[in-house]
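As stored in protein.pdb (PDB, C-alpha atoms and all ligand atoms):
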```pdb
MODEL        1
ATOM      1  CA  MET A   1       0.000   0.000   0.000
ATOM      2  CA  LYS A   2       1.091   3.569  -0.605
ATOM      3  CA  ILE A   3       1.146   5.651   2.558
ATOM      4  CA  SER A   4       1.982   9.306   3.277
ATOM      5  CA  ILE A   5       2.765  10.543   6.771
ATOM      6  CA  TYR A   6       2.799  14.200   7.879
ATOM      7  CA  GLY A   7       5.157  14.893  10.762
ATOM      8  CA  SER A   8       8.499  13.182  11.244
ATOM      9  CA  GLY A   9       8.567  13.572  15.012
ATOM     10  CA  TYR A  10       8.465  10.643  17.391
ATOM     11  CA  VAL A  11       5.126   9.304  16.237
ATOM     12  CA  GLY A  12       5.434  10.081  12.527
ATOM     13  CA  LEU A  13       8.953   8.693  12.179
ATOM     14  CA  VAL A  14       8.246   5.480  14.092
ATOM     15  CA  THR A  15       4.956   4.927  12.238
ATOM     16  CA  ALA A  16       6.520   5.607   8.828
ATOM     17  CA  THR A  17       9.473   3.321   9.479
ATOM     18  CA  CYS A  18       7.423   0.438  10.873
ATOM     19  CA  LEU A  19       4.835   0.635   8.073
ATOM     20  CA  ALA A  20       7.710   0.509   5.552
ATOM     21  CA  GLU A  21       9.258  -2.429   7.423
ATOM     22  CA  VAL A  22       6.049  -4.476   6.987
ATOM     23  CA  GLY A  23       6.106  -3.868   3.223
ATOM     24  CA  ASN A  24       4.362  -0.582   2.493
ATOM     25  CA  GLU A  25       5.711   2.228   0.292
ATOM     26  CA  VAL A  26       5.923   5.175   2.669
ATOM     27  CA  VAL A  27       6.663   8.870   2.142
ATOM     28  CA  CYS A  28       7.248  10.819   5.364
ATOM     29  CA  MET A  29       6.785  14.597   5.035
ATOM     30  CA  ASP A  30       7.764  17.414   7.398
ATOM     31  CA  ILE A  31       7.844  21.190   7.059
ATOM     32  CA  HIS A  32      11.105  21.201   9.073
ATOM     33  CA  THR A  33      13.470  21.043   6.090
ATOM     34  CA  ASP A  34      16.663  20.517   8.150
ATOM     35  CA  LYS A  35      15.111  17.508   9.845
ATOM     36  CA  ILE A  36      14.179  16.040   6.459
ATOM     37  CA  GLU A  37      17.682  16.621   5.069
ATOM     38  CA  HIS A  38      19.160  14.845   8.114
ATOM     39  CA  LEU A  39      16.725  11.954   7.766
ATOM     40  CA  LYS A  40      17.633  11.552   4.094
ATOM     41  CA  GLN A  41      21.220  11.123   5.351
ATOM     42  CA  GLU A  42      19.954   8.531   7.866
ATOM     43  CA  ARG A  43      20.592  10.892  10.798
ATOM     44  CA  ILE A  44      17.860  10.162  13.359
ATOM     45  CA  PRO A  45      16.724  13.073  15.577
ATOM     46  CA  ILE A  46      15.515  10.862  18.463
ATOM     47  CA  TYR A  47      16.910   7.935  20.410
ATOM     48  CA  GLU A  48      14.693   4.927  19.996
ATOM     49  CA  PRO A  49      16.252   1.449  20.234
ATOM     50  CA  GLY A  50      16.306  -0.245  16.805
ATOM     51  CA  LEU A  51      14.979   2.757  14.900
ATOM     52  CA  GLU A  52      18.199   3.828  13.177
ATOM     53  CA  GLN A  53      18.792   0.365  11.695
ATOM     54  CA  LEU A  54      15.177   0.104  10.511
ATOM     55  CA  VAL A  55      15.363   3.544   8.871
ATOM     56  CA  GLN A  56      18.608   2.571   7.108
ATOM     57  CA  ASP A  57      17.191  -0.779   5.945
ATOM     58  CA  ASN A  58      13.993   0.716   4.589
ATOM     59  CA  ILE A  59      15.674   3.664   2.836
ATOM     60  CA  ALA A  60      17.922   1.053   1.198
ATOM     61  CA  THR A  61      14.952  -0.986  -0.066
ATOM     62  CA  GLY A  62      13.298   2.190  -1.396
ATOM     63  CA  ARG A  63      10.184   1.606   0.737
ATOM     64  CA  LEU A  64      10.870   4.674   2.942
ATOM     65  CA  ARG A  65      11.417   8.180   1.592
ATOM     66  CA  PHE A  66      11.514  11.598   3.244
ATOM     67  CA  THR A  67      10.351  14.868   1.715
ATOM     68  CA  SER A  68       9.455  18.437   2.572
ATOM     69  CA  ASP A  69       7.411  18.700  -0.635
ATOM     70  CA  VAL A  70       3.796  18.505   0.474
ATOM     71  CA  ALA A  71       2.420  18.044  -3.060
ATOM     72  CA  GLU A  72       4.644  14.978  -3.511
ATOM     73  CA  ALA A  73       3.379  13.534  -0.232
ATOM     74  CA  VAL A  74      -0.295  14.157  -0.996
ATOM     75  CA  GLN A  75      -0.069  12.607  -4.425
ATOM     76  CA  HIS A  76       1.788   9.517  -3.163
ATOM     77  CA  GLY A  77      -0.497   7.841  -0.686
ATOM     78  CA  LEU A  78      -4.010   6.479  -0.746
ATOM     79  CA  PHE A  79      -3.601   6.585   3.041
ATOM     80  CA  GLN A  80      -2.600   9.956   4.544
ATOM     81  CA  PHE A  81      -1.605   9.861   8.224
ATOM     82  CA  ILE A  82      -1.612  13.140  10.172
ATOM     83  CA  ALA A  83       1.013  12.745  12.942
ATOM     84  CA  VAL A  84       1.901  16.364  13.760
ATOM     85  CA  GLY A  85       2.059  17.873  17.233
ATOM     86  CA  THR A  86      -0.990  18.945  19.242
ATOM     87  CA  PRO A  87       0.552  21.012  22.078
ATOM     88  CA  PRO A  88      -1.686  22.335  24.856
ATOM     89  CA  ASP A  89      -3.362  25.627  23.957
ATOM     90  CA  GLU A  90      -3.569  28.560  26.416
ATOM     91  CA  ASP A  91      -6.651  27.011  28.059
ATOM     92  CA  GLY A  92      -5.083  23.522  28.185
ATOM     93  CA  SER A  93      -7.031  22.131  25.236
ATOM     94  CA  ALA A  94      -5.155  20.579  22.294
ATOM     95  CA  ASP A  95      -3.961  23.155  19.776
ATOM     96  CA  LEU A  96      -5.249  21.821  16.452
ATOM     97  CA  GLN A  97      -3.569  24.390  14.193
ATOM     98  CA  TYR A  98      -0.954  21.935  12.898
ATOM     99  CA  VAL A  99      -3.497  19.165  12.269
ATOM    100  CA  LEU A 100      -5.784  21.545  10.377
ATOM    101  CA  ALA A 101      -2.833  22.993   8.414
ATOM    102  CA  VAL A 102      -2.089  19.481   7.158
ATOM    103  CA  ALA A 103      -5.774  18.996   6.275
ATOM    104  CA  GLU A 104      -5.615  22.229   4.240
ATOM    105  CA  SER A 105      -2.477  21.054   2.424
ATOM    106  CA  ILE A 106      -4.049  17.710   1.596
ATOM    107  CA  ALA A 107      -7.140  19.446   0.216
ATOM    108  CA  GLN A 108      -5.063  21.846  -1.871
ATOM    109  CA  HIS A 109      -3.099  19.063  -3.563
ATOM    110  CA  MET A 110      -5.351  15.998  -3.651
ATOM    111  CA  ASP A 111      -6.276  14.711  -7.080
ATOM    112  CA  GLY A 112      -8.408  11.698  -6.240
ATOM    113  CA  HIS A 113      -9.764   9.595  -3.401
ATOM    114  CA  HIS A 114      -7.744   9.548  -0.159
ATOM    115  CA  ILE A 115      -8.252   8.120   3.308
ATOM    116  CA  ILE A 116      -7.092  10.632   5.918
ATOM    117  CA  ILE A 117      -6.087   9.152   9.244
ATOM    118  CA  ASP A 118      -5.822  11.243  12.413
ATOM    119  CA  LYS A 119      -2.947   9.741  14.392
ATOM    120  CA  SER A 120      -2.195  12.832  16.468
ATOM    121  CA  THR A 121      -3.774  12.998  19.918
ATOM    122  CA  ILE A 122      -6.937  15.009  19.323
ATOM    123  CA  PRO A 123     -10.284  15.594  21.028
ATOM    124  CA  VAL A 124     -13.563  14.052  19.897
ATOM    125  CA  GLY A 125     -14.971  16.147  17.053
ATOM    126  CA  THR A 126     -11.634  16.813  15.353
ATOM    127  CA  ALA A 127     -12.409  14.431  12.487
ATOM    128  CA  ASP A 128     -15.427  16.635  11.682
ATOM    129  CA  LYS A 129     -13.159  19.718  11.656
ATOM    130  CA  VAL A 130     -10.681  17.958   9.362
ATOM    131  CA  LYS A 131     -13.554  16.916   7.117
ATOM    132  CA  SER A 132     -15.074  20.400   6.893
ATOM    133  CA  THR A 133     -11.637  21.985   6.298
ATOM    134  CA  ILE A 134     -11.033  19.662   3.356
ATOM    135  CA  SER A 135     -14.576  19.999   1.982
ATOM    136  CA  ALA A 136     -14.382  23.813   2.003
ATOM    137  CA  ILE A 137     -11.133  23.844   0.020
ATOM    138  CA  LEU A 138     -12.332  21.217  -2.461
ATOM    139  CA  GLU A 139     -15.409  23.360  -3.014
ATOM    140  CA  THR A 140     -13.291  26.423  -3.871
ATOM    141  CA  ARG A 141     -11.273  24.179  -6.227
ATOM    142  CA  SER A 142     -14.540  22.869  -7.764
ATOM    143  CA  GLN A 143     -13.133  19.369  -7.290
ATOM    144  CA  PRO A 144     -15.645  17.052  -5.591
ATOM    145  CA  TYR A 145     -13.125  14.292  -4.782
ATOM    146  CA  GLU A 146     -14.320  11.702  -2.324
ATOM    147  CA  PHE A 147     -12.353  11.246   0.899
ATOM    148  CA  ASP A 148     -12.738   9.558   4.258
ATOM    149  CA  VAL A 149     -11.467  10.700   7.662
ATOM    150  CA  VAL A 150     -10.741   8.073  10.294
ATOM    151  CA  SER A 151      -9.160   8.046  13.726
ATOM    152  CA  ASN A 152      -6.185   5.870  14.703
ATOM    153  CA  PRO A 153      -4.794   7.379  17.922
ATOM    154  CA  GLU A 154      -1.246   6.513  18.949
ATOM    155  CA  PHE A 155      -0.389   5.009  22.330
ATOM    156  CA  LEU A 156       3.315   4.255  21.897
ATOM    157  CA  LYS A 157       5.774   4.672  24.757
ATOM    158  CA  GLU A 158       9.033   6.455  23.981
ATOM    159  CA  GLY A 159      11.852   3.927  24.406
ATOM    160  CA  SER A 160       9.765   0.922  23.355
ATOM    161  CA  ALA A 161       7.968   2.463  20.390
ATOM    162  CA  ILE A 162       9.183  -0.038  17.772
ATOM    163  CA  ASN A 163       8.156  -2.957  19.930
ATOM    164  CA  ASP A 164       4.806  -1.313  20.758
ATOM    165  CA  PHE A 165       4.135  -0.867  17.028
ATOM    166  CA  MET A 166       5.322  -4.265  15.827
ATOM    167  CA  LYS A 167       3.799  -6.272  18.688
ATOM    168  CA  PRO A 168       0.705  -4.328  19.749
ATOM    169  CA  THR A 169      -0.677  -7.204  21.780
ATOM    170  CA  GLY A 170       2.562  -7.440  23.807
TER     171      GLY A 170
HETATM  172  N1  LIG A 201       5.750  11.217  21.510
HETATM  173  C1  LIG A 201       4.923  10.359  22.122
HETATM  174  O1  LIG A 201       5.338   9.563  22.973
HETATM  175  C2  LIG A 201       3.454  10.294  21.746
HETATM  176  C3  LIG A 201       2.727   9.163  22.135
HETATM  177  C4  LIG A 201       1.373   9.083  21.769
HETATM  178  C5  LIG A 201       0.783  10.124  21.070
HETATM  179  N2  LIG A 201       1.517  11.240  20.738
HETATM  180  C6  LIG A 201       0.832  12.295  19.975
HETATM  181  O2  LIG A 201       1.225  12.181  18.600
HETATM  182  C7  LIG A 201       1.291  13.492  18.003
HETATM  183  C8  LIG A 201       2.701  13.745  17.482
HETATM  184  O3  LIG A 201       3.596  13.713  18.583
HETATM  185  P1  LIG A 201       5.182  13.722  18.380
HETATM  186  O4  LIG A 201       5.772  13.443  19.718
HETATM  187  O5  LIG A 201       5.550  12.866  17.220
HETATM  188  O6  LIG A 201       5.402  15.276  17.992
HETATM  189  P2  LIG A 201       6.752  16.012  17.567
HETATM  190  O7  LIG A 201       6.620  17.407  18.052
HETATM  191  O8  LIG A 201       7.939  15.174  17.945
HETATM  192  O9  LIG A 201       6.692  16.018  15.966
HETATM  193  C9  LIG A 201       5.736  16.724  15.239
HETATM  194  C10 LIG A 201       6.339  17.008  13.864
HETATM  195  O10 LIG A 201       5.326  17.567  13.034
HETATM  196  C11 LIG A 201       5.954  18.472  12.172
HETATM  197  N3  LIG A 201       4.954  19.351  11.548
HETATM  198  C12 LIG A 201       4.307  20.431  12.070
HETATM  199  N4  LIG A 201       3.466  20.954  11.171
HETATM  200  C13 LIG A 201       3.554  20.188  10.054
HETATM  201  C14 LIG A 201       2.930  20.220   8.784
HETATM  202  N5  LIG A 201       2.005  21.143   8.463
HETATM  203  N6  LIG A 201       3.255  19.275   7.868
HETATM  204  C15 LIG A 201       4.183  18.336   8.153
HETATM  205  N7  LIG A 201       4.826  18.244   9.354
HETATM  206  C16 LIG A 201       4.513  19.175  10.280
HETATM  207  C17 LIG A 201       6.972  19.191  13.058
HETATM  208  O11 LIG A 201       7.986  19.838  12.290
HETATM  209  C18 LIG A 201       7.501  18.011  13.874
HETATM  210  O12 LIG A 201       8.648  17.418  13.249
HETATM  211  C19 LIG A 201       0.847  14.483  19.106
HETATM  212  O13 LIG A 201      -0.541  14.694  18.976
HETATM  213  C20 LIG A 201       1.173  13.721  20.386
HETATM  214  O14 LIG A 201       0.363  14.148  21.455
HETATM  215  C21 LIG A 201       2.842  11.331  21.040
ENDMDL
END
```
Can you dump the structure from the file as structure tokens?
Amino acid sequence: MKISIYGSGYVGLVTATCLAEVGNEVVCMDIHTDKIEHLKQERIPIYEPGLEQLVQDNIATGRLRFTSDVAEAVQHGLFQFIAVGTPPDEDGSADLQYVLAVAESIAQHMDGHHIIIDKSTIPVGTADKVKSTISAILETRSQPYEFDVVSNPEFLKEGSAINDFMKPTG
């Protein structure tokens, strides 16, 4: 399957690498261009046991690529994972600006059916906001592409993230 992942932080990088390891073709996108350049050189910004080797192996097979080109990412994957940060807002609620910015980018560049997957930690109701953000932009583009928005929250623990992903039942 072709998969695009937005955010190459802890969650995005681990998810991208593990999905590539099980055979998918994955493009991992981030707006942080330095981080992407380092990742292309197999320089890993976090310490997670086993991650560096898996990144190297999957870049070598061509199943894992990194980009800061959002159009390339949108056009790659049927499945589009949003794995950007959701820091606490001033009132303690999750700040959804990064999630909704990705939704806008997807809507601006999509050219067919996509399944958009919220992997960031978000409150109930966010899928509706993602959906309405995308619908509004598709309307201005006069492009009635079909899309689905689903939720797949992440529960990994830093330090055992690869194991948590690969063996979810323990
Ligand atoms: N780290 C954890 O242990 C953990 C565990 C479970 C859930 N989560 C949740 O997963 C989500 C991601 O967490 P994280 O720790 O990976 O965050 P992070 O801050 O490490 O990484 C987020 C990345 O998103 C990138 N980004 C921001 N805007 C973007 C955009 N428009 N397009 C592409 N990339 C963009 C940033 O540059 C950054 O590299 C959060 O909602 C967090 O609460 C984290």
Find the residues near ligand LIG 201 (chain A). Use a cut-off of 9 Å, count all atoms listed in the file, and write them as JSON, numbers by chain.
{"A": [5, 6, 7, 8, 9, 10, 11, 12, 13, 14, 28, 29, 30, 31, 32, 33, 35, 36, 46, 68, 70, 82, 83, 84, 85, 86, 87, 94, 96, 97, 98, 99, 100, 101, 102, 103, 104, 105, 119, 120, 121, 122, 153, 154, 155, 156, 157, 158, 159, 161]}
I'd like the residues picked by the PyMOL selection byres (((chain A and resi 62) around 12) and not hetatm) written out as a ChimeraX atom specification, using the chain letters and numbers from the file.
/A:17,20-21,23-27,40,55-61,63-66
Evaluating the PyMOL selection byres (((chain A and resi 114-116) around 8) and not hetatm) on the displayed file yields which residues, as a ChimeraX atom specification?
/A:77-82,110,112-113,117-118,146-150
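One distance worth recording is that between CA of Ser151 (chain A) and CA of Asp95 (chain A), which is 17.1 Å.
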Looking at only C-alpha atoms, which of A:Glu139, A:Glu72, A:Glu90, A:Glu42 is the one that sits closest to His109 (chain A)?
A:Glu72
Would you list the contacts of Ser142 (chain A) as a ChimeraX atom specification, taking every protein, DNA or RNA residue within 12 Å and counting only C-alpha atoms, but skipping same-chain residues closer than 5 positions in sequence?
/A:107-108,111,135-137
Taking all atoms listed in the file into account, which of A:Val130, A:Leu39, A:Ala73, A:Val22 comes nearest Ile3 (chain A)?
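Nearest to Ile3 (chain A): A:Ala73.
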Can region 91-103 of chain A be brought up to N, CA and C atoms and written out as a PDB file, in the coordinates of the input?
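And here's part-v4.pdb as it stands now:
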```
ATOM      1  N   ASP A  91      -5.669  27.502  27.078  1.00  0.00           N
ATOM      2  CA  ASP A  91      -6.651  27.011  28.059  1.00  0.00           C
ATOM      3  C   ASP A  91      -6.460  25.521  28.360  1.00  0.00           C
ATOM      4  N   GLY A  92      -5.363  24.935  27.872  1.00  0.00           N
ATOM      5  CA  GLY A  92      -5.083  23.522  28.185  1.00  0.00           C
ATOM      6  C   GLY A  92      -5.636  22.557  27.153  1.00  0.00           C
ATOM      7  N   SER A  93      -6.498  23.027  26.267  1.00  0.00           N
ATOM      8  CA  SER A  93      -7.031  22.131  25.236  1.00  0.00           C
ATOM      9  C   SER A  93      -5.974  21.934  24.140  1.00  0.00           C
ATOM     10  N   ALA A  94      -6.136  20.867  23.338  1.00  0.00           N
ATOM     11  CA  ALA A  94      -5.155  20.579  22.294  1.00  0.00           C
ATOM     12  C   ALA A  94      -5.220  21.650  21.209  1.00  0.00           C
ATOM     13  N   ASP A  95      -4.046  22.166  20.855  1.00  0.00           N
ATOM     14  CA  ASP A  95      -3.961  23.155  19.776  1.00  0.00           C
ATOM     15  C   ASP A  95      -3.980  22.395  18.447  1.00  0.00           C
ATOM     16  N   LEU A  96      -5.046  22.593  17.688  1.00  0.00           N
ATOM     17  CA  LEU A  96      -5.249  21.821  16.452  1.00  0.00           C
ATOM     18  C   LEU A  96      -4.705  22.506  15.210  1.00  0.00           C
ATOM     19  N   GLN A  97      -3.965  23.619  15.388  1.00  0.00           N
ATOM     20  CA  GLN A  97      -3.569  24.390  14.193  1.00  0.00           C
ATOM     21  C   GLN A  97      -2.703  23.567  13.241  1.00  0.00           C
ATOM     22  N   TYR A  98      -1.851  22.691  13.790  1.00  0.00           N
ATOM     23  CA  TYR A  98      -0.954  21.935  12.898  1.00  0.00           C
ATOM     24  C   TYR A  98      -1.729  20.828  12.174  1.00  0.00           C
ATOM     25  N   VAL A  99      -2.651  20.203  12.882  1.00  0.00           N
ATOM     26  CA  VAL A  99      -3.497  19.165  12.269  1.00  0.00           C
ATOM     27  C   VAL A  99      -4.320  19.775  11.134  1.00  0.00           C
ATOM     28  N   LEU A 100      -4.922  20.937  11.398  1.00  0.00           N
ATOM     29  CA  LEU A 100      -5.784  21.545  10.377  1.00  0.00           C
ATOM     30  C   LEU A 100      -4.964  22.122   9.220  1.00  0.00           C
ATOM     31  N   ALA A 101      -3.709  22.526   9.509  1.00  0.00           N
ATOM     32  CA  ALA A 101      -2.833  22.993   8.414  1.00  0.00           C
ATOM     33  C   ALA A 101      -2.527  21.835   7.469  1.00  0.00           C
ATOM     34  N   VAL A 102      -2.327  20.639   8.027  1.00  0.00           N
ATOM     35  CA  VAL A 102      -2.089  19.481   7.158  1.00  0.00           C
ATOM     36  C   VAL A 102      -3.352  19.175   6.348  1.00  0.00           C
ATOM     37  N   ALA A 103      -4.510  19.246   6.996  1.00  0.00           N
ATOM     38  CA  ALA A 103      -5.774  18.996   6.275  1.00  0.00           C
ATOM     39  C   ALA A 103      -5.905  19.967   5.092  1.00  0.00           C
TER      40      ALA A 103
END
```
